[in-house]
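See below for protein05.txt, which holds compact mmCIF, C-alpha atoms.
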# COMPACT_ATOMS: atom_id res chain seq x y z
CA ASP A 828 134.11 -19.16 118.78
CA ALA A 829 134.98 -22.22 116.69
CA GLY A 830 138.05 -20.58 115.20
CA VAL A 831 139.07 -20.91 111.56
CA ILE A 832 137.56 -24.06 110.11
CA GLN A 833 139.20 -25.93 107.23
CA SER A 834 138.06 -28.96 105.31
CA PRO A 835 138.99 -31.60 104.51
CA ARG A 836 141.68 -32.36 107.12
CA HIS A 837 143.38 -34.83 104.82
CA GLU A 838 143.19 -35.27 101.06
CA VAL A 839 144.89 -37.92 98.99
CA THR A 840 144.42 -37.60 95.25
CA GLU A 841 145.95 -38.80 92.04
CA MET A 842 148.07 -36.60 89.83
CA GLY A 843 145.95 -34.67 87.36
CA GLN A 844 142.86 -34.54 89.55
CA GLU A 845 141.21 -31.35 90.75
CA VAL A 846 141.51 -30.56 94.45
CA THR A 847 139.37 -28.04 96.34
CA LEU A 848 140.24 -26.90 99.83
CA ARG A 849 137.72 -24.99 101.93
CA CYS A 850 137.95 -22.41 104.68
CA LYS A 851 135.52 -20.64 107.00
CA PRO A 852 137.19 -17.65 108.71
CA ILE A 853 136.33 -16.30 112.13
CA SER A 854 133.14 -14.27 112.02
CA GLY A 855 133.93 -10.55 111.85
CA HIS A 856 137.45 -11.00 110.51
CA ASN A 857 137.87 -9.13 107.23
CA SER A 858 141.27 -10.49 106.15
CA LEU A 859 141.85 -14.04 104.92
CA PHE A 860 145.12 -15.70 103.99
CA TRP A 861 146.02 -19.00 102.35
CA TYR A 862 149.43 -20.43 103.26
CA ARG A 863 151.33 -23.52 102.21
CA GLN A 864 153.79 -25.22 104.58
CA THR A 865 156.53 -27.64 103.56
CA MET A 866 159.69 -28.79 105.29
CA MET A 867 161.85 -27.25 102.61
CA ARG A 868 160.20 -23.85 102.27
CA GLY A 869 158.38 -23.32 105.57
CA LEU A 870 155.23 -21.18 105.55
CA GLU A 871 154.58 -19.46 102.22
CA LEU A 872 151.82 -16.93 101.68
CA LEU A 873 149.81 -17.88 98.60
CA ILE A 874 147.06 -15.27 98.52
CA TYR A 875 145.55 -12.53 100.68
CA PHE A 876 141.92 -11.35 100.61
CA ASN A 877 140.60 -8.20 102.26
CA ASN A 878 136.84 -7.73 102.50
CA ASN A 879 136.43 -10.68 100.09
CA VAL A 880 138.62 -9.05 97.41
CA PRO A 881 141.95 -10.64 96.37
CA ILE A 882 144.64 -8.09 97.18
CA ASP A 883 147.86 -10.03 96.69
CA ASP A 884 148.09 -13.29 94.77
CA SER A 885 151.80 -13.02 93.97
CA GLY A 886 152.49 -16.15 96.01
CA MET A 887 150.24 -18.38 93.91
CA PRO A 888 152.79 -20.68 92.31
CA GLU A 889 151.16 -21.30 88.94
CA ASP A 890 147.98 -20.88 86.95
CA ARG A 891 146.96 -24.29 88.22
CA PHE A 892 146.18 -22.59 91.53
CA SER A 893 143.12 -20.41 91.99
CA ALA A 894 141.31 -18.99 95.02
CA LYS A 895 137.92 -17.44 95.55
CA MET A 896 136.09 -15.75 98.38
CA PRO A 897 132.44 -15.44 97.35
CA ASN A 898 131.38 -14.07 100.75
CA ALA A 899 132.80 -13.12 104.15
CA SER A 900 132.36 -16.58 105.60
CA PHE A 901 133.78 -18.85 102.92
CA SER A 902 136.86 -19.25 100.74
CA THR A 903 138.21 -21.98 98.47
CA LEU A 904 141.64 -22.83 97.12
CA LYS A 905 141.58 -24.97 94.01
CA ILE A 906 144.39 -26.84 92.30
CA GLN A 907 143.68 -28.10 88.79
CA PRO A 908 145.42 -30.26 87.67
CA SER A 909 147.23 -31.37 90.81
CA GLU A 910 150.86 -32.56 90.75
CA PRO A 911 152.95 -34.51 93.28
CA ARG A 912 154.98 -31.37 94.09
CA ASP A 913 151.80 -29.76 95.38
CA SER A 914 151.88 -32.15 98.34
CA ALA A 915 152.01 -29.97 101.46
CA VAL A 916 149.91 -28.72 104.35
CA TYR A 917 147.67 -25.85 103.32
CA PHE A 918 146.57 -23.41 106.01
CA CYS A 919 143.90 -20.78 105.99
CA ALA A 920 144.22 -17.88 108.46
CA SER A 921 142.07 -14.88 109.25
CA SER A 922 142.54 -11.55 110.97
CA GLY A 923 140.48 -8.50 111.84
CA THR A 924 140.98 -4.75 111.58
CA GLY A 925 143.54 -3.59 114.13
CA ILE A 926 144.57 -7.16 114.92
CA HIS A 927 148.14 -7.85 113.92
CA GLY A 928 148.29 -11.57 114.62
CA TYR A 929 146.54 -14.15 112.49
CA THR A 930 144.41 -17.08 113.65
CA PHE A 931 145.22 -20.22 111.73
CA GLY A 932 143.03 -23.19 110.98
CA SER A 933 144.18 -26.76 111.56
CA GLY A 934 145.22 -27.14 107.94
CA THR A 935 144.57 -29.56 105.10
CA ARG A 936 147.27 -32.15 104.53
CA LEU A 937 147.35 -32.77 100.78
CA THR A 938 149.08 -35.74 99.24
CA VAL A 939 149.19 -36.03 95.45
CA VAL A 940 150.31 -39.45 94.23
CA GLN B 1430 169.46 -13.49 102.48
CA LYS B 1431 166.09 -14.25 104.04
CA GLU B 1432 164.16 -11.42 105.67
CA VAL B 1433 163.82 -13.42 108.89
CA GLU B 1434 166.45 -15.89 110.07
CA GLN B 1435 165.70 -18.55 112.67
CA ASP B 1436 167.81 -21.55 113.61
CA PRO B 1437 165.65 -24.64 112.96
CA GLY B 1438 167.33 -26.61 115.74
CA PRO B 1439 166.27 -29.13 116.87
CA LEU B 1440 166.60 -28.15 120.52
CA SER B 1441 166.30 -30.75 123.28
CA VAL B 1442 166.23 -29.76 126.97
CA PRO B 1443 165.39 -31.51 130.25
CA GLU B 1444 162.14 -30.67 132.01
CA GLY B 1445 162.50 -27.55 134.14
CA ALA B 1446 165.22 -25.97 131.99
CA ILE B 1447 164.99 -22.54 130.40
CA VAL B 1448 164.40 -22.62 126.66
CA SER B 1449 165.92 -19.76 124.69
CA LEU B 1450 164.82 -19.10 121.12
CA ASN B 1451 165.76 -16.23 118.85
CA CYS B 1452 165.38 -14.68 115.43
CA THR B 1453 167.18 -11.97 113.52
CA TYR B 1454 165.69 -9.84 110.79
CA SER B 1455 166.85 -7.41 108.14
CA ASN B 1456 163.79 -5.23 107.46
CA SER B 1457 163.93 -2.13 109.69
CA ALA B 1458 160.27 -1.40 108.88
CA PHE B 1459 159.10 -4.32 111.04
CA GLN B 1460 157.19 -3.00 114.06
CA TYR B 1461 155.06 -5.92 115.25
CA PHE B 1462 156.69 -9.08 116.53
CA MET B 1463 155.04 -12.38 117.31
CA TRP B 1464 155.81 -15.88 118.39
CA TYR B 1465 153.67 -18.76 117.24
CA ARG B 1466 153.64 -22.28 118.67
CA GLN B 1467 152.83 -25.17 116.37
CA TYR B 1468 152.14 -28.64 117.70
CA SER B 1469 152.59 -31.60 115.40
CA ARG B 1470 149.81 -31.81 112.80
CA LYS B 1471 148.18 -28.58 114.05
CA GLY B 1472 148.06 -25.00 112.83
CA PRO B 1473 150.31 -22.28 114.28
CA GLU B 1474 148.86 -20.70 117.40
CA LEU B 1475 149.68 -17.12 118.45
CA LEU B 1476 151.66 -17.29 121.68
CA MET B 1477 153.10 -13.82 122.24
CA TYR B 1478 152.71 -10.44 120.56
CA THR B 1479 154.91 -7.40 121.15
CA TYR B 1480 155.20 -3.95 119.67
CA SER B 1481 158.47 -1.98 119.80
CA SER B 1482 161.57 -2.82 121.79
CA GLY B 1483 161.44 -4.20 125.30
CA ASN B 1484 160.24 -7.20 127.27
CA LYS B 1485 156.82 -8.74 127.64
CA GLU B 1486 155.98 -11.46 130.13
CA ASP B 1487 153.08 -13.90 130.12
CA GLY B 1488 153.31 -16.60 132.73
CA ARG B 1489 156.36 -18.74 131.97
CA PHE B 1490 156.95 -16.99 128.64
CA THR B 1491 159.01 -13.83 128.08
CA ALA B 1492 159.39 -12.15 124.71
CA GLN B 1493 162.19 -9.66 124.09
CA VAL B 1494 162.62 -7.29 121.17
CA ASP B 1495 165.80 -5.34 120.43
CA LYS B 1496 165.05 -3.24 117.37
CA SER B 1497 168.48 -1.63 117.35
CA SER B 1498 170.07 -5.06 116.85
CA LYS B 1499 167.14 -6.44 114.81
CA TYR B 1500 166.94 -9.36 117.22
CA ILE B 1501 164.02 -10.96 119.03
CA SER B 1502 163.96 -13.70 121.64
CA LEU B 1503 161.50 -15.97 123.41
CA PHE B 1504 162.32 -17.52 126.77
CA ILE B 1505 160.35 -20.36 128.33
CA ARG B 1506 160.97 -20.82 132.06
CA ASP B 1507 160.40 -24.09 133.92
CA SER B 1508 159.85 -25.90 130.64
CA GLN B 1509 157.36 -28.77 130.56
CA PRO B 1510 156.99 -31.74 128.17
CA SER B 1511 153.79 -30.03 126.95
CA ASP B 1512 155.99 -27.19 125.63
CA SER B 1513 157.43 -29.60 123.04
CA ALA B 1514 156.49 -28.01 119.72
CA THR B 1515 157.84 -25.93 116.85
CA TYR B 1516 158.15 -22.23 117.66
CA LEU B 1517 157.97 -19.75 114.80
CA CYS B 1518 158.85 -16.09 115.02
CA ALA B 1519 156.85 -13.74 112.83
CA MET B 1520 156.95 -10.03 112.20
CA LYS B 1521 155.30 -7.34 110.11
CA SER B 1522 155.36 -3.67 109.30
CA ASN B 1523 152.16 -1.64 108.93
CA ASP B 1524 150.92 -3.65 105.97
CA TYR B 1525 149.25 -7.05 106.00
CA LYS B 1526 152.22 -9.26 105.22
CA LEU B 1527 153.51 -11.44 108.06
CA SER B 1528 157.07 -12.72 107.54
CA PHE B 1529 157.82 -16.01 109.29
CA GLY B 1530 161.01 -17.61 110.45
CA ALA B 1531 161.68 -21.24 109.57
CA GLY B 1532 160.66 -22.41 113.06
CA THR B 1533 162.68 -24.09 115.83
CA THR B 1534 161.64 -27.57 116.96
CA VAL B 1535 161.85 -27.93 120.75
CA THR B 1536 161.67 -31.16 122.72
CA VAL B 1537 161.38 -31.05 126.52
CA ARG B 1538 162.45 -34.38 128.00
CA ALA B 1539 160.60 -35.63 131.08
Target format structure tokens, applied to this file:
Amino acid sequence: DAGVIQSPRHEVTEMGQEVTLRCKPISGHNSLFWYRQTMMRGLELLIYFNNNVPIDDSGMPEDRFSAKMPNASFSTLKIQPSEPRDSAVYFCASSGTGIHGYTFGSGTRLTVV
Amino acid sequence: QKEVEQDPGPLSVPEGAIVSLNCTYSNSAFQYFMWYRQYSRKGPELLMYTYSSGNKEDGRFTAQVDKSSKYISLFIRDSQPSDSATYLCAMKSNDYKLSFGAGTTVTVRA
């Protein structure tokens, strides 16, 4: 099992540009989470999908952030337009029914200049 | 007050020492307790998982949960330089939401 796969690993972009982060969860896992990690705020849950349906997006900071899960094996997190304060490491995690721990990907380190 | 409190450290110990990490929490609905290890520039990795009060051992690692005191601990025996990482406690009730501590950065000196 390749685990949760995220791309790109690093992204440097200019303020105002659109950024798209990608995630492939573990096959068979029906829950997918997007997290953001910063030194100041730690790990913050942005959005939670169950069976490809967004269940809780209360952590999405602003309308500039959007997430989709078109099928069980792919999800995207988009920021448009990006701002310097969006600089952080973004993690995708997945989990299966009856499994209480999450498996995290390696993250995307986003820098907005 | 945060739902989960964890001292961020940093904690520095000599190789072979016992590392003691802990978290307190306020939500009495939490039933599932986890410890994640995060190496620099990597994602968190599930290290230990416990349900209800008591101890759980896995090799050099022991997780303790005291639900009456709302207190959980992780002990690392015979610590190695490869144990140098950030350790995050995490806990949840019966729903999906995992609440994380801030993480404690541990350095094991050779």
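As for CA of Ile832 (chain A) and CA of Asp1512 (chain B), they are spaced 24.3 Å apart.
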**OP:** Fewer than 5 positions away in the same chain doesn't count, so skip those; otherwise give me all residues within 12 Å of Ile882 (chain A), counting all atoms listed in the file, as a ChimeraX atom specification.
**Re:** /A:858-860,873-877,894-896 /B:1524-1526
Quick one: write out the picked residues with C-alpha atoms as a compact mmCIF listing (two decimals), in the frame of the given file?
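Produced file part-v7.txt, reproduced below:
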# COMPACT_ATOMS: atom_id res chain seq x y z
CA SER A 858 141.27 -10.49 106.15
CA LEU A 859 141.85 -14.04 104.92
CA PHE A 860 145.12 -15.70 103.99
CA LEU A 873 149.81 -17.88 98.60
CA ILE A 874 147.06 -15.27 98.52
CA TYR A 875 145.55 -12.53 100.68
CA PHE A 876 141.92 -11.35 100.61
CA ASN A 877 140.60 -8.20 102.26
CA ALA A 894 141.31 -18.99 95.02
CA LYS A 895 137.92 -17.44 95.55
CA MET A 896 136.09 -15.75 98.38
CA ASP B 1524 150.92 -3.65 105.97
CA TYR B 1525 149.25 -7.05 106.00
CA LYS B 1526 152.22 -9.26 105.22
Considering all atoms listed in the file, tabulate each residue of chain B that lies at most 12 Å from chain A along with its nearest interatomic pair and the corresponding distance in Å to one decimal; arrange the rows by chain and ascending residue number and present them as CSV.
residue,atom,partner,partner_atom,distance
B:Lys1431,CA,A:Arg868,CA,11.4
B:Val1433,CA,A:Gly869,CA,11.8
B:Glu1434,CA,A:Gly869,CA,11.9
B:Gln1435,CA,A:Gly869,CA,11.3
B:Pro1437,CA,A:Gly869,CA,10.5
B:Phe1459,CA,A:His927,CA,11.9
B:Gln1460,CA,A:His927,CA,10.3
B:Tyr1461,CA,A:His927,CA,7.3
B:Phe1462,CA,A:Gly928,CA,9.0
B:Met1463,CA,A:Gly928,CA,7.3
B:Trp1464,CA,A:Gly928,CA,9.5
B:Tyr1465,CA,A:Gly928,CA,9.4
B:Arg1466,CA,A:Phe931,CA,11.1
B:Gln1467,CA,A:Ser933,CA,10.0
B:Tyr1468,CA,A:Ser933,CA,10.2
B:Ser1469,CA,A:Ser933,CA,10.4
B:Arg1470,CA,A:Ser933,CA,7.7
B:Lys1471,CA,A:Ser933,CA,5.1
B:Gly1472,CA,A:Ser933,CA,4.4
B:Pro1473,CA,A:Phe931,CA,6.1
B:Glu1474,CA,A:Phe931,CA,6.8
B:Leu1475,CA,A:Gly928,CA,6.9
B:Leu1476,CA,A:Gly928,CA,9.7
B:Met1477,CA,A:Gly928,CA,9.3
B:Tyr1478,CA,A:Gly928,CA,7.5
B:Thr1479,CA,A:His927,CA,9.9
B:Tyr1480,CA,A:His927,CA,9.9
B:Thr1515,CA,A:Gly869,CA,11.6
B:Leu1517,CA,A:Leu870,CA,9.8
B:Cys1518,CA,A:Leu870,CA,11.3
B:Ala1519,CA,A:Gly928,CA,9.0
B:Met1520,CA,A:Gly928,CA,9.1
B:Lys1521,CA,A:His927,CA,8.1
B:Ser1522,CA,A:His927,CA,9.5
B:Asn1523,CA,A:His927,CA,8.9
B:Asp1524,CA,A:His927,CA,9.4
B:Tyr1525,CA,A:His927,CA,8.0
B:Lys1526,CA,A:Leu872,CA,8.5
B:Leu1527,CA,A:Gly928,CA,8.4
B:Ser1528,CA,A:Leu870,CA,8.9
B:Phe1529,CA,A:Leu870,CA,6.9
B:Gly1530,CA,A:Gly869,CA,8.0
B:Ala1531,CA,A:Gly869,CA,5.6
B:Gly1532,CA,A:Gly869,CA,7.9
B:Thr1533,CA,A:Gly869,CA,11.2
B:Thr1534,CA,A:Met866,CA,11.9
Residue selection dump (C-alpha atoms) as a short mmCIF file (atom, residue, chain, number, x, y, z; two decimals), keeping the file's coordinate frame:
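What follows is the written file again00.cif:
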data_model
loop_
_atom_site.label_atom_id
_atom_site.label_comp_id
_atom_site.auth_asym_id
_atom_site.auth_seq_id
_atom_site.Cartn_x
_atom_site.Cartn_y
_atom_site.Cartn_z
CA LYS B 1431 166.09 -14.25 104.04
CA VAL B 1433 163.82 -13.42 108.89
CA GLU B 1434 166.45 -15.89 110.07
CA GLN B 1435 165.70 -18.55 112.67
CA PRO B 1437 165.65 -24.64 112.96
CA PHE B 1459 159.10 -4.32 111.04
CA GLN B 1460 157.19 -3.00 114.06
CA TYR B 1461 155.06 -5.92 115.25
CA PHE B 1462 156.69 -9.08 116.53
CA MET B 1463 155.04 -12.38 117.31
CA TRP B 1464 155.81 -15.88 118.39
CA TYR B 1465 153.67 -18.76 117.24
CA ARG B 1466 153.64 -22.28 118.67
CA GLN B 1467 152.83 -25.17 116.37
CA TYR B 1468 152.14 -28.64 117.70
CA SER B 1469 152.59 -31.60 115.40
CA ARG B 1470 149.81 -31.81 112.80
CA LYS B 1471 148.18 -28.58 114.05
CA GLY B 1472 148.06 -25.00 112.83
CA PRO B 1473 150.31 -22.28 114.28
CA GLU B 1474 148.86 -20.70 117.40
CA LEU B 1475 149.68 -17.12 118.45
CA LEU B 1476 151.66 -17.29 121.68
CA MET B 1477 153.10 -13.82 122.24
CA TYR B 1478 152.71 -10.44 120.56
CA THR B 1479 154.91 -7.40 121.15
CA TYR B 1480 155.20 -3.95 119.67
CA THR B 1515 157.84 -25.93 116.85
CA LEU B 1517 157.97 -19.75 114.80
CA CYS B 1518 158.85 -16.09 115.02
CA ALA B 1519 156.85 -13.74 112.83
CA MET B 1520 156.95 -10.03 112.20
CA LYS B 1521 155.30 -7.34 110.11
CA SER B 1522 155.36 -3.67 109.30
CA ASN B 1523 152.16 -1.64 108.93
CA ASP B 1524 150.92 -3.65 105.97
CA TYR B 1525 149.25 -7.05 106.00
CA LYS B 1526 152.22 -9.26 105.22
CA LEU B 1527 153.51 -11.44 108.06
CA SER B 1528 157.07 -12.72 107.54
CA PHE B 1529 157.82 -16.01 109.29
CA GLY B 1530 161.01 -17.61 110.45
CA ALA B 1531 161.68 -21.24 109.57
CA GLY B 1532 160.66 -22.41 113.06
CA THR B 1533 162.68 -24.09 115.83
CA THR B 1534 161.64 -27.57 116.96
#
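Reported to one decimal place, the separation of CA of Leu1440 (chain B) from CA of Tyr862 (chain A) is 25.5 Å.
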**OP:** List the neighbours of Ser893 (chain A) out to 12 Å using only C-alpha atoms; skip same-chain residues closer than 3 positions along the sequence, and give me the result as a ChimeraX atom specification.
**Re:** /A:845-848,861,873-875,881,884-890,896,902-909
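In this model, the gap between CA of Val839 (chain A) and CA of Val939 (chain A) comes to 5.9 Å.
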Original post:
Can you tell me, as a ChimeraX atom specification, which residues sit within 7 Å of (162.7, -29.8, 120.3) in the file's frame, using all atoms listed in the file?
Top reply: /B:1439-1441,1513-1514,1534-1537
Original post:
When distances are computed from all atoms listed in the file, which of B:Leu1450, B:Pro1510, B:Leu1503, B:Glu1432 shows the smallest separation from Thr1491 (chain B)?
Top reply: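 The answer is B:Leu1503, which sits nearest to Thr1491 (chain B).
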Subject >> Within 8 Å of His856 (chain A) using all atoms listed in the file, minus same-chain residues under 6 positions, as an NGL selection string >> reply: :A and (921-924)
